[in-house]
>>> print(open('target-v7.pdb').read())   # PDB, C-alpha atoms and all ligand atoms
ATOM      1  CA  MET M1221     -46.459 143.794-140.664  1.00  0.00           C
ATOM      2  CA  ASN M1222     -48.328 142.071-137.856  1.00  0.00           C
ATOM      3  CA  PHE M1223     -51.150 140.130-139.492  1.00  0.00           C
ATOM      4  CA  ASN M1224     -53.066 139.913-136.220  1.00  0.00           C
ATOM      5  CA  LEU M1225     -53.800 143.613-136.669  1.00  0.00           C
ATOM      6  CA  LEU M1226     -55.922 142.692-139.695  1.00  0.00           C
ATOM      7  CA  ARG M1227     -58.105 140.268-137.781  1.00  0.00           C
ATOM      8  CA  PRO M1228     -61.457 141.438-136.480  1.00  0.00           C
ATOM      9  CA  LYS M1229     -62.435 140.304-132.984  1.00  0.00           C
ATOM     10  CA  GLN M1230     -65.911 139.456-134.274  1.00  0.00           C
ATOM     11  CA  VAL M1231     -67.601 139.026-137.651  1.00  0.00           C
ATOM     12  CA  TYR M1232     -71.349 139.498-138.212  1.00  0.00           C
ATOM     13  CA  HIS M1233     -73.464 139.359-141.353  1.00  0.00           C
ATOM     14  CA  SER M1234     -74.930 142.773-140.701  1.00  0.00           C
ATOM     15  CA  ILE M1235     -74.754 145.531-138.124  1.00  0.00           C
ATOM     16  CA  LEU M1236     -78.373 144.617-137.297  1.00  0.00           C
ATOM     17  CA  GLU M1237     -77.178 141.205-136.088  1.00  0.00           C
ATOM     18  CA  ILE M1238     -74.992 142.795-133.448  1.00  0.00           C
ATOM     19  CA  SER M1239     -76.760 142.947-130.091  1.00  0.00           C
ATOM     20  CA  PRO M1240     -76.125 146.293-128.388  1.00  0.00           C
ATOM     21  CA  GLU M1241     -77.324 144.743-125.096  1.00  0.00           C
ATOM     22  CA  GLU M1242     -74.712 142.025-125.318  1.00  0.00           C
ATOM     23  CA  LEU M1243     -71.952 144.492-126.178  1.00  0.00           C
ATOM     24  CA  PHE M1244     -72.989 146.637-123.235  1.00  0.00           C
ATOM     25  CA  ARG M1245     -72.954 143.599-120.938  1.00  0.00           C
ATOM     26  CA  THR M1246     -69.394 142.803-122.001  1.00  0.00           C
ATOM     27  CA  GLY M1247     -68.360 146.269-120.869  1.00  0.00           C
ATOM     28  CA  MET M1248     -68.509 148.249-124.091  1.00  0.00           C
ATOM     29  CA  ARG M1249     -69.635 151.862-123.705  1.00  0.00           C
ATOM     30  CA  GLY M1250     -68.718 153.445-127.006  1.00  0.00           C
ATOM     31  CA  MET M1251     -69.133 152.510-130.665  1.00  0.00           C
ATOM     32  CA  ILE M1252     -67.218 153.955-133.566  1.00  0.00           C
ATOM     33  CA  ILE M1253     -69.300 153.230-136.648  1.00  0.00           C
ATOM     34  CA  ASP M1254     -68.290 153.361-140.297  1.00  0.00           C
ATOM     35  CA  LEU M1255     -70.833 154.816-142.701  1.00  0.00           C
ATOM     36  CA  ASP M1256     -70.385 153.648-146.314  1.00  0.00           C
ATOM     37  CA  ASN M1257     -71.381 150.029-146.842  1.00  0.00           C
ATOM     38  CA  THR M1258     -71.674 149.449-143.102  1.00  0.00           C
ATOM     39  CA  LEU M1259     -74.759 151.503-142.224  1.00  0.00           C
ATOM     40  CA  THR M1260     -75.932 152.441-145.701  1.00  0.00           C
ATOM     41  CA  GLU M1261     -74.966 152.069-149.350  1.00  0.00           C
ATOM     42  CA  TRP M1262     -72.085 154.157-150.595  1.00  0.00           C
ATOM     43  CA  GLN M1263     -73.221 157.813-150.878  1.00  0.00           C
ATOM     44  CA  ASN M1264     -76.811 157.001-149.850  1.00  0.00           C
ATOM     45  CA  PRO M1265     -77.798 159.468-147.093  1.00  0.00           C
ATOM     46  CA  VAL M1266     -80.963 157.565-146.117  1.00  0.00           C
ATOM     47  CA  LEU M1267     -80.726 154.994-143.342  1.00  0.00           C
ATOM     48  CA  SER M1268     -83.264 152.149-143.238  1.00  0.00           C
ATOM     49  CA  GLU M1269     -85.891 152.135-140.487  1.00  0.00           C
ATOM     50  CA  LYS M1270     -84.234 149.095-138.954  1.00  0.00           C
ATOM     51  CA  THR M1271     -80.853 150.786-138.904  1.00  0.00           C
ATOM     52  CA  ILE M1272     -82.321 153.892-137.287  1.00  0.00           C
ATOM     53  CA  SER M1273     -84.009 151.780-134.585  1.00  0.00           C
ATOM     54  CA  TRP M1274     -80.756 149.914-133.969  1.00  0.00           C
ATOM     55  CA  LEU M1275     -78.872 153.184-133.440  1.00  0.00           C
ATOM     56  CA  GLU M1276     -81.636 154.569-131.205  1.00  0.00           C
ATOM     57  CA  LYS M1277     -81.612 151.406-129.117  1.00  0.00           C
ATOM     58  CA  ALA M1278     -77.852 151.650-128.630  1.00  0.00           C
ATOM     59  CA  LYS M1279     -78.229 155.269-127.519  1.00  0.00           C
ATOM     60  CA  CYS M1280     -81.013 154.339-125.076  1.00  0.00           C
ATOM     61  CA  LEU M1281     -78.803 151.687-123.499  1.00  0.00           C
ATOM     62  CA  GLY M1282     -76.282 154.411-122.747  1.00  0.00           C
ATOM     63  CA  PHE M1283     -73.813 153.922-125.572  1.00  0.00           C
ATOM     64  CA  GLN M1284     -71.760 156.822-126.843  1.00  0.00           C
ATOM     65  CA  LEU M1285     -71.735 156.713-130.646  1.00  0.00           C
ATOM     66  CA  CYS M1286     -69.525 158.363-133.234  1.00  0.00           C
ATOM     67  CA  PHE M1287     -69.398 157.993-137.013  1.00  0.00           C
ATOM     68  CA  VAL M1288     -65.884 157.822-138.397  1.00  0.00           C
ATOM     69  CA  SER M1289     -65.721 157.935-142.191  1.00  0.00           C
ATOM     70  CA  ASN M1290     -63.132 158.545-144.865  1.00  0.00           C
ATOM     71  CA  ASN M1291     -65.839 160.237-146.945  1.00  0.00           C
ATOM     72  CA  SER M1292     -66.382 164.008-147.202  1.00  0.00           C
ATOM     73  CA  THR M1293     -67.666 166.215-144.402  1.00  0.00           C
ATOM     74  CA  ARG M1294     -70.792 167.013-146.402  1.00  0.00           C
ATOM     75  CA  ARG M1295     -71.644 163.344-146.890  1.00  0.00           C
ATOM     76  CA  VAL M1296     -71.068 162.310-143.268  1.00  0.00           C
ATOM     77  CA  GLN M1297     -72.671 165.390-141.750  1.00  0.00           C
ATOM     78  CA  GLU M1298     -75.935 164.777-143.594  1.00  0.00           C
ATOM     79  CA  VAL M1299     -76.452 161.397-141.914  1.00  0.00           C
ATOM     80  CA  ALA M1300     -74.906 162.375-138.579  1.00  0.00           C
ATOM     81  CA  GLN M1301     -77.043 165.470-138.073  1.00  0.00           C
ATOM     82  CA  ARG M1302     -80.227 163.581-138.813  1.00  0.00           C
ATOM     83  CA  MET M1303     -79.321 160.993-136.183  1.00  0.00           C
ATOM     84  CA  GLU M1304     -77.804 163.531-133.778  1.00  0.00           C
ATOM     85  CA  ILE M1305     -74.623 161.495-133.615  1.00  0.00           C
ATOM     86  CA  PRO M1306     -71.170 163.155-133.641  1.00  0.00           C
ATOM     87  CA  PHE M1307     -68.782 162.356-136.466  1.00  0.00           C
ATOM     88  CA  VAL M1308     -65.256 162.510-137.784  1.00  0.00           C
ATOM     89  CA  ALA M1309     -65.116 162.881-141.595  1.00  0.00           C
ATOM     90  CA  ARG M1310     -62.139 162.667-143.979  1.00  0.00           C
ATOM     91  CA  ALA M1311     -60.784 160.332-141.354  1.00  0.00           C
ATOM     92  CA  GLN M1312     -57.921 158.772-143.333  1.00  0.00           C
ATOM     93  CA  LYS M1313     -58.546 155.399-141.692  1.00  0.00           C
ATOM     94  CA  PRO M1314     -56.487 153.318-140.844  1.00  0.00           C
ATOM     95  CA  ARG M1315     -54.584 156.303-139.521  1.00  0.00           C
ATOM     96  CA  ARG M1316     -55.075 156.588-135.784  1.00  0.00           C
ATOM     97  CA  TRP M1317     -55.873 160.251-135.291  1.00  0.00           C
ATOM     98  CA  SER M1318     -59.521 159.867-136.323  1.00  0.00           C
ATOM     99  CA  PHE M1319     -60.129 156.997-133.895  1.00  0.00           C
ATOM    100  CA  ARG M1320     -58.419 158.989-131.133  1.00  0.00           C
ATOM    101  CA  ARG M1321     -60.575 161.979-131.963  1.00  0.00           C
ATOM    102  CA  ALA M1322     -63.704 159.791-131.738  1.00  0.00           C
ATOM    103  CA  LEU M1323     -62.624 158.477-128.302  1.00  0.00           C
ATOM    104  CA  GLU M1324     -62.139 162.062-127.190  1.00  0.00           C
ATOM    105  CA  ILE M1325     -65.610 163.052-128.440  1.00  0.00           C
ATOM    106  CA  MET M1326     -67.279 160.056-126.787  1.00  0.00           C
ATOM    107  CA  GLY M1327     -65.207 160.191-123.601  1.00  0.00           C
ATOM    108  CA  THR M1328     -64.605 156.430-123.685  1.00  0.00           C
ATOM    109  CA  ARG M1329     -61.421 154.419-123.194  1.00  0.00           C
ATOM    110  CA  PRO M1330     -60.063 152.164-125.987  1.00  0.00           C
ATOM    111  CA  GLU M1331     -60.857 148.939-124.087  1.00  0.00           C
ATOM    112  CA  GLU M1332     -64.533 149.889-123.727  1.00  0.00           C
ATOM    113  CA  THR M1333     -64.956 150.987-127.332  1.00  0.00           C
ATOM    114  CA  ALA M1334     -66.028 148.924-130.335  1.00  0.00           C
ATOM    115  CA  VAL M1335     -65.368 149.704-133.985  1.00  0.00           C
ATOM    116  CA  ILE M1336     -67.887 148.474-136.546  1.00  0.00           C
ATOM    117  CA  GLY M1337     -66.945 148.577-140.219  1.00  0.00           C
ATOM    118  CA  ASP M1338     -66.865 146.724-143.533  1.00  0.00           C
ATOM    119  CA  GLN M1339     -63.194 147.073-144.435  1.00  0.00           C
ATOM    120  CA  ILE M1340     -60.241 145.269-142.950  1.00  0.00           C
ATOM    121  CA  PHE M1341     -57.627 147.708-144.206  1.00  0.00           C
ATOM    122  CA  THR M1342     -59.313 150.795-142.804  1.00  0.00           C
ATOM    123  CA  ASP M1343     -61.810 150.026-140.006  1.00  0.00           C
ATOM    124  CA  ILE M1344     -60.307 146.855-138.558  1.00  0.00           C
ATOM    125  CA  LEU M1345     -56.634 147.725-138.947  1.00  0.00           C
ATOM    126  CA  GLY M1346     -57.151 151.214-137.525  1.00  0.00           C
ATOM    127  CA  GLY M1347     -59.219 149.941-134.594  1.00  0.00           C
ATOM    128  CA  ASN M1348     -56.828 147.127-133.739  1.00  0.00           C
ATOM    129  CA  ARG M1349     -53.864 149.512-133.789  1.00  0.00           C
ATOM    130  CA  LEU M1350     -55.473 151.351-130.872  1.00  0.00           C
ATOM    131  CA  GLY M1351     -56.663 148.236-129.036  1.00  0.00           C
ATOM    132  CA  LEU M1352     -60.354 148.757-129.762  1.00  0.00           C
ATOM    133  CA  TYR M1353     -62.879 145.904-130.040  1.00  0.00           C
ATOM    134  CA  THR M1354     -63.151 145.442-133.801  1.00  0.00           C
ATOM    135  CA  ILE M1355     -66.259 144.074-135.509  1.00  0.00           C
ATOM    136  CA  LEU M1356     -66.348 143.341-139.243  1.00  0.00           C
ATOM    137  CA  VAL M1357     -69.566 143.261-141.265  1.00  0.00           C
ATOM    138  CA  PRO M1358     -69.664 142.557-145.015  1.00  0.00           C
ATOM    139  CA  PRO M1359     -70.372 145.530-147.299  1.00  0.00           C
ATOM    140  CA  ILE M1360     -74.022 146.360-147.916  1.00  0.00           C
ATOM    141  CA  ASN M1361     -73.572 146.360-151.671  1.00  0.00           C
ATOM    142  CA  ARG M1362     -71.092 146.682-154.454  1.00  0.00           C
ATOM    143  CA  ARG M1363     -71.563 150.313-155.414  1.00  0.00           C
ATOM    144  CA  GLU M1364     -68.103 151.444-154.581  1.00  0.00           C
ATOM    145  CA  PHE M1365     -64.771 152.507-155.929  1.00  0.00           C
ATOM    146  CA  PHE M1366     -62.824 150.050-157.960  1.00  0.00           C
ATOM    147  CA  GLY M1367     -59.969 150.492-155.533  1.00  0.00           C
ATOM    148  CA  THR M1368     -62.150 149.293-152.716  1.00  0.00           C
ATOM    149  CA  ARG M1369     -63.066 146.205-154.735  1.00  0.00           C
ATOM    150  CA  LEU M1370     -59.415 145.408-155.112  1.00  0.00           C
ATOM    151  CA  MET M1371     -58.969 145.649-151.365  1.00  0.00           C
ATOM    152  CA  ARG M1372     -61.877 143.231-150.919  1.00  0.00           C
ATOM    153  CA  LEU M1373     -59.936 140.605-152.794  1.00  0.00           C
ATOM    154  CA  LEU M1374     -57.055 140.991-150.371  1.00  0.00           C
ATOM    155  CA  GLU M1375     -59.473 140.906-147.467  1.00  0.00           C
ATOM    156  CA  ALA M1376     -60.976 137.656-148.726  1.00  0.00           C
ATOM    157  CA  ILE M1377     -57.539 136.110-148.833  1.00  0.00           C
ATOM    158  CA  ILE M1378     -56.790 137.147-145.262  1.00  0.00           C
ATOM    159  CA  LEU M1379     -60.167 135.926-143.961  1.00  0.00           C
ATOM    160  CA  PHE M1380     -59.555 132.636-145.725  1.00  0.00           C
ATOM    161  CA  LYS M1381     -56.175 132.328-144.028  1.00  0.00           C
ATOM    162  CA  ARG M1382     -57.823 132.648-140.629  1.00  0.00           C
ATOM    163  CA  ARG M1383     -59.417 129.226-140.945  1.00  0.00           C
TER     164      ARG M1383
HETATM  165 MG    MG Y1401     -67.140 151.332-145.274  1.00  0.00          MG
END
>>> encode(input="target-v7.pdb", output="C-alpha cells")
Amino acid sequence: MNFNLLRPKQVYHSILEISPEELFRTGMRGMIIDLDNTLTEWQNPVLSEKTISWLEKAKCLGFQLCFVSNNSTRRVQEVAQRMEIPFVARAQKPRRWSFRRALEIMGTRPEETAVIGDQIFTDILGGNRLGLYTILVPPINRREFFGTRLMRLLEAIILFKRR
C-alpha cells in the first residue's frame, strides 16, 4: 500500500473556503464533488444558500462539475437535478470507474480535474489513484454510519502522521 495515495493535495475547513477562481487559475477545469458531509449533511437534500452560490460561481467561471457519490441514485439525483449538475451514484469509491465516468461526462483530463470530498479512504484515495487534484474537507456533521466513524479514526491517524 502506497501511503502517499491517502494524502490529499490540499485541506480546507469547508468547501466554501475553496476559491474556484484560484483553482481555475491553476489550470483546473473540472470538479468532482462528493455529496454527503461535503456539500450537505448525510441524507439532507437541501443545500445551503452559500453552497448553491458557490456551485453557481464555479459554473459561471467555466468549470465542469459532477457529483460522485456512493449513496443511492434517488438521493444523489434529487440534489443533482435541482442544481442541474450531472452525477454518478452508487459510485463504489475508491474504485476508479466512477471517477473515470465523471471525467467522461465532464470532458476533462485527470490533470485538470479536482476531487473534493470528506473521506480519505473513498474520495482522496480514489482521486489520487487516477492522478486527480485531491482536496479534503472535514465532514459537515456526525450524522453518519458507524462504519464511517471508524474510518474517521483511521483518517485522523494518517493526517497526524503527515506532520
Ligand atoms: Mg462524503
>>> closest_residue(input="target-v7.pdb", among="M:Glu1298, M:Glu1269, M:Asp1338, M:Glu1242", to="ligand MG 1401 (chain Y)", atoms="all atoms listed in the file")
M:Asp1338
>>> closest_atom_pairs(input="target-v7.pdb", of="chain M", to="ligand MG 1401 (chain Y)", cutoff="9 Å", atoms="only C-alpha atoms and all ligand atoms", output="JSON lines")
{"residue": "M:Asp1254", "atom": "CA", "partner": "Y:MG1401", "partner_atom": "MG", "distance": 5.5}
{"residue": "M:Leu1255", "atom": "CA", "partner": "Y:MG1401", "partner_atom": "MG", "distance": 5.7}
{"residue": "M:Asp1256", "atom": "CA", "partner": "Y:MG1401", "partner_atom": "MG", "distance": 4.1}
{"residue": "M:Asn1257", "atom": "CA", "partner": "Y:MG1401", "partner_atom": "MG", "distance": 4.7}
{"residue": "M:Thr1258", "atom": "CA", "partner": "Y:MG1401", "partner_atom": "MG", "distance": 5.4}
{"residue": "M:Leu1259", "atom": "CA", "partner": "Y:MG1401", "partner_atom": "MG", "distance": 8.2}
{"residue": "M:Thr1260", "atom": "CA", "partner": "Y:MG1401", "partner_atom": "MG", "distance": 8.9}
{"residue": "M:Glu1261", "atom": "CA", "partner": "Y:MG1401", "partner_atom": "MG", "distance": 8.9}
{"residue": "M:Trp1262", "atom": "CA", "partner": "Y:MG1401", "partner_atom": "MG", "distance": 7.8}
{"residue": "M:Ser1289", "atom": "CA", "partner": "Y:MG1401", "partner_atom": "MG", "distance": 7.4}
{"residue": "M:Asn1290", "atom": "CA", "partner": "Y:MG1401", "partner_atom": "MG", "distance": 8.3}
{"residue": "M:Gly1337", "atom": "CA", "partner": "Y:MG1401", "partner_atom": "MG", "distance": 5.8}
{"residue": "M:Asp1338", "atom": "CA", "partner": "Y:MG1401", "partner_atom": "MG", "distance": 4.9}
{"residue": "M:Gln1339", "atom": "CA", "partner": "Y:MG1401", "partner_atom": "MG", "distance": 5.9}
{"residue": "M:Thr1342", "atom": "CA", "partner": "Y:MG1401", "partner_atom": "MG", "distance": 8.2}
{"residue": "M:Asp1343", "atom": "CA", "partner": "Y:MG1401", "partner_atom": "MG", "distance": 7.6}
{"residue": "M:Pro1359", "atom": "CA", "partner": "Y:MG1401", "partner_atom": "MG", "distance": 6.9}
{"residue": "M:Ile1360", "atom": "CA", "partner": "Y:MG1401", "partner_atom": "MG", "distance": 8.9}
>>> closest_residue(input="target-v7.pdb", among="M:Arg1295, M:Arg1320, M:Lys1270, M:Arg1302", to="M:Thr1333", atoms="only C-alpha atoms")
M:Arg1320
>>> residues_near_point(input="target-v7.pdb", point="(-59.1, 151.1, -131.3)", cutoff="12 Å", atoms="only C-alpha atoms", output="mmCIF file with C-alpha atoms, keeping the file's coordinate frame")
data_model
loop_
_atom_site.group_PDB
_atom_site.id
_atom_site.type_symbol
_atom_site.label_atom_id
_atom_site.label_comp_id
_atom_site.auth_asym_id
_atom_site.auth_seq_id
_atom_site.Cartn_x
_atom_site.Cartn_y
_atom_site.Cartn_z
ATOM 1 C CA LEU M 1225 -53.800 143.613 -136.669
ATOM 2 C CA PRO M 1228 -61.457 141.438 -136.480
ATOM 3 C CA LYS M 1229 -62.435 140.304 -132.984
ATOM 4 C CA GLY M 1250 -68.718 153.445 -127.006
ATOM 5 C CA MET M 1251 -69.133 152.510 -130.665
ATOM 6 C CA ILE M 1252 -67.218 153.955 -133.566
ATOM 7 C CA ILE M 1253 -69.300 153.230 -136.648
ATOM 8 C CA VAL M 1288 -65.884 157.822 -138.397
ATOM 9 C CA LYS M 1313 -58.546 155.399 -141.692
ATOM 10 C CA PRO M 1314 -56.487 153.318 -140.844
ATOM 11 C CA ARG M 1315 -54.584 156.303 -139.521
ATOM 12 C CA ARG M 1316 -55.075 156.588 -135.784
ATOM 13 C CA TRP M 1317 -55.873 160.251 -135.291
ATOM 14 C CA SER M 1318 -59.521 159.867 -136.323
ATOM 15 C CA PHE M 1319 -60.129 156.997 -133.895
ATOM 16 C CA ARG M 1320 -58.419 158.989 -131.133
ATOM 17 C CA ARG M 1321 -60.575 161.979 -131.963
ATOM 18 C CA ALA M 1322 -63.704 159.791 -131.738
ATOM 19 C CA LEU M 1323 -62.624 158.477 -128.302
ATOM 20 C CA THR M 1328 -64.605 156.430 -123.685
ATOM 21 C CA ARG M 1329 -61.421 154.419 -123.194
ATOM 22 C CA PRO M 1330 -60.063 152.164 -125.987
ATOM 23 C CA GLU M 1331 -60.857 148.939 -124.087
ATOM 24 C CA GLU M 1332 -64.533 149.889 -123.727
ATOM 25 C CA THR M 1333 -64.956 150.987 -127.332
ATOM 26 C CA ALA M 1334 -66.028 148.924 -130.335
ATOM 27 C CA VAL M 1335 -65.368 149.704 -133.985
ATOM 28 C CA ILE M 1336 -67.887 148.474 -136.546
ATOM 29 C CA THR M 1342 -59.313 150.795 -142.804
ATOM 30 C CA ASP M 1343 -61.810 150.026 -140.006
ATOM 31 C CA ILE M 1344 -60.307 146.855 -138.558
ATOM 32 C CA LEU M 1345 -56.634 147.725 -138.947
ATOM 33 C CA GLY M 1346 -57.151 151.214 -137.525
ATOM 34 C CA GLY M 1347 -59.219 149.941 -134.594
ATOM 35 C CA ASN M 1348 -56.828 147.127 -133.739
ATOM 36 C CA ARG M 1349 -53.864 149.512 -133.789
ATOM 37 C CA LEU M 1350 -55.473 151.351 -130.872
ATOM 38 C CA GLY M 1351 -56.663 148.236 -129.036
ATOM 39 C CA LEU M 1352 -60.354 148.757 -129.762
ATOM 40 C CA TYR M 1353 -62.879 145.904 -130.040
ATOM 41 C CA THR M 1354 -63.151 145.442 -133.801
ATOM 42 C CA ILE M 1355 -66.259 144.074 -135.509
#
>>> atom_distance(input="target-v7.pdb", atom1="atom CA of M:Lys1277", atom2="atom CA of M:Arg1227")
27.4 Å
>>> atom_distance(input="target-v7.pdb", atom1="atom CA of M:Pro1306", atom2="atom CA of M:Leu1281")
17.1 Å
